[in-house]
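Right, one structure below, let's go through it.
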Amino acid sequence: MTTPRIIKKYPNRRLYDTEISSYITLEEIRQLVLDDEEFEVRDAKTGENLTRSVLLQIIAEYEERGQPMFTTKLLSQIIRFYGDSLQGFMGGYLERSLQVFLDQQQQFRSQLNNMLGQGPWSMLNDLTERNMDMWKSLQQGFLTAAANSVRGAQDANKKKEGKS
């Protein structure tokens, strides 16, 4: 098991990626999440783990843009669990529920690909190949018809010349 990538957060709110020795943005941390890279965000002075708060900050920013994922009702229900006797179970429950959802999504995609026999790119490639084949056939038909027309005209001219 590899050690997680360390991101240091400084008091000025800047984030420093120790692996690439460069400052990074929240968007770049989001990309680390999308790339499934393990990382930890640590306070530069105290070493305190700030990963959760930075991830929550990313979620909050995305919730402010466009179509939010969490409704006000859902957020209110989650807040009600804080301090409740079931608070300790809620995180695990949500995590397992999301994993089941992701597994079902993957299974659906797999079944859809099997049903279609191929993925979207191969379907597009097959469609393109069929269109090219039809285009070639059409061109060949025109060329053959044109050649026959020229031969017919030449034969007619020869007959005409032979009668003169």
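Chain identifiers are assigned as A, B, and so on, following the order in which chains appear in the structure tokens; residues are numbered from 1 within each chain, and ligands are numbered from 1 in order of appearance.
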To test your reading of the structure, identify every residue in stretch 6-164 of chain A that backbone DSSP assigns to helix (DSSP H, G or I), and report it as a PyMOL selection string. chain A and resi 26-34+51-64+72-81+87-116+120-163
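Candidate residues A:Ser110, A:Thr3, A:Gln31, A:Ser22 were compared for distance to A:Leu55, and the nearest is A:Gln31, using only C-alpha atoms.
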Atomic distance atom CA of A:Glu61 - atom CA of A:Val41, expressed in Å with one decimal: 17.5 Å
Using DSSP secondary structure from the backbone, list all strand (DSSP E or B) positions within chain A, as number ranges by chain. A: 5-9, 15-17, 22-24, 39-43, 49
Of A:Thr128, A:Gln57, A:Thr2, A:Gln77, the one nearest to A:Phe39 when counting only C-alpha atoms is A:Thr2
Residues near A:Arg5, cut-off 12 Å, only C-alpha atoms, skip fewer than 3 positions along chain, as a ChimeraX atom specification: /A:2,8,16-21,29,32-33,36-42,51
Restricting the calculation to only C-alpha atoms, which member of A:Leu98, A:Leu34, A:Ala44, A:Gly141 is positioned closest to A:Ile7? A:Ala44
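The neighbours of A:Gly91 here are the residues that come within 10 Å of it, using only C-alpha atoms and leaving out any residue fewer than 5 positions away in the same chain; they are Ile78, Phe81, Leu86, Arg96 and Ser97 of chain A.
In this structure, atom CA of A:Thr71 sits 13.1 Å away from atom CA of A:Ile59.
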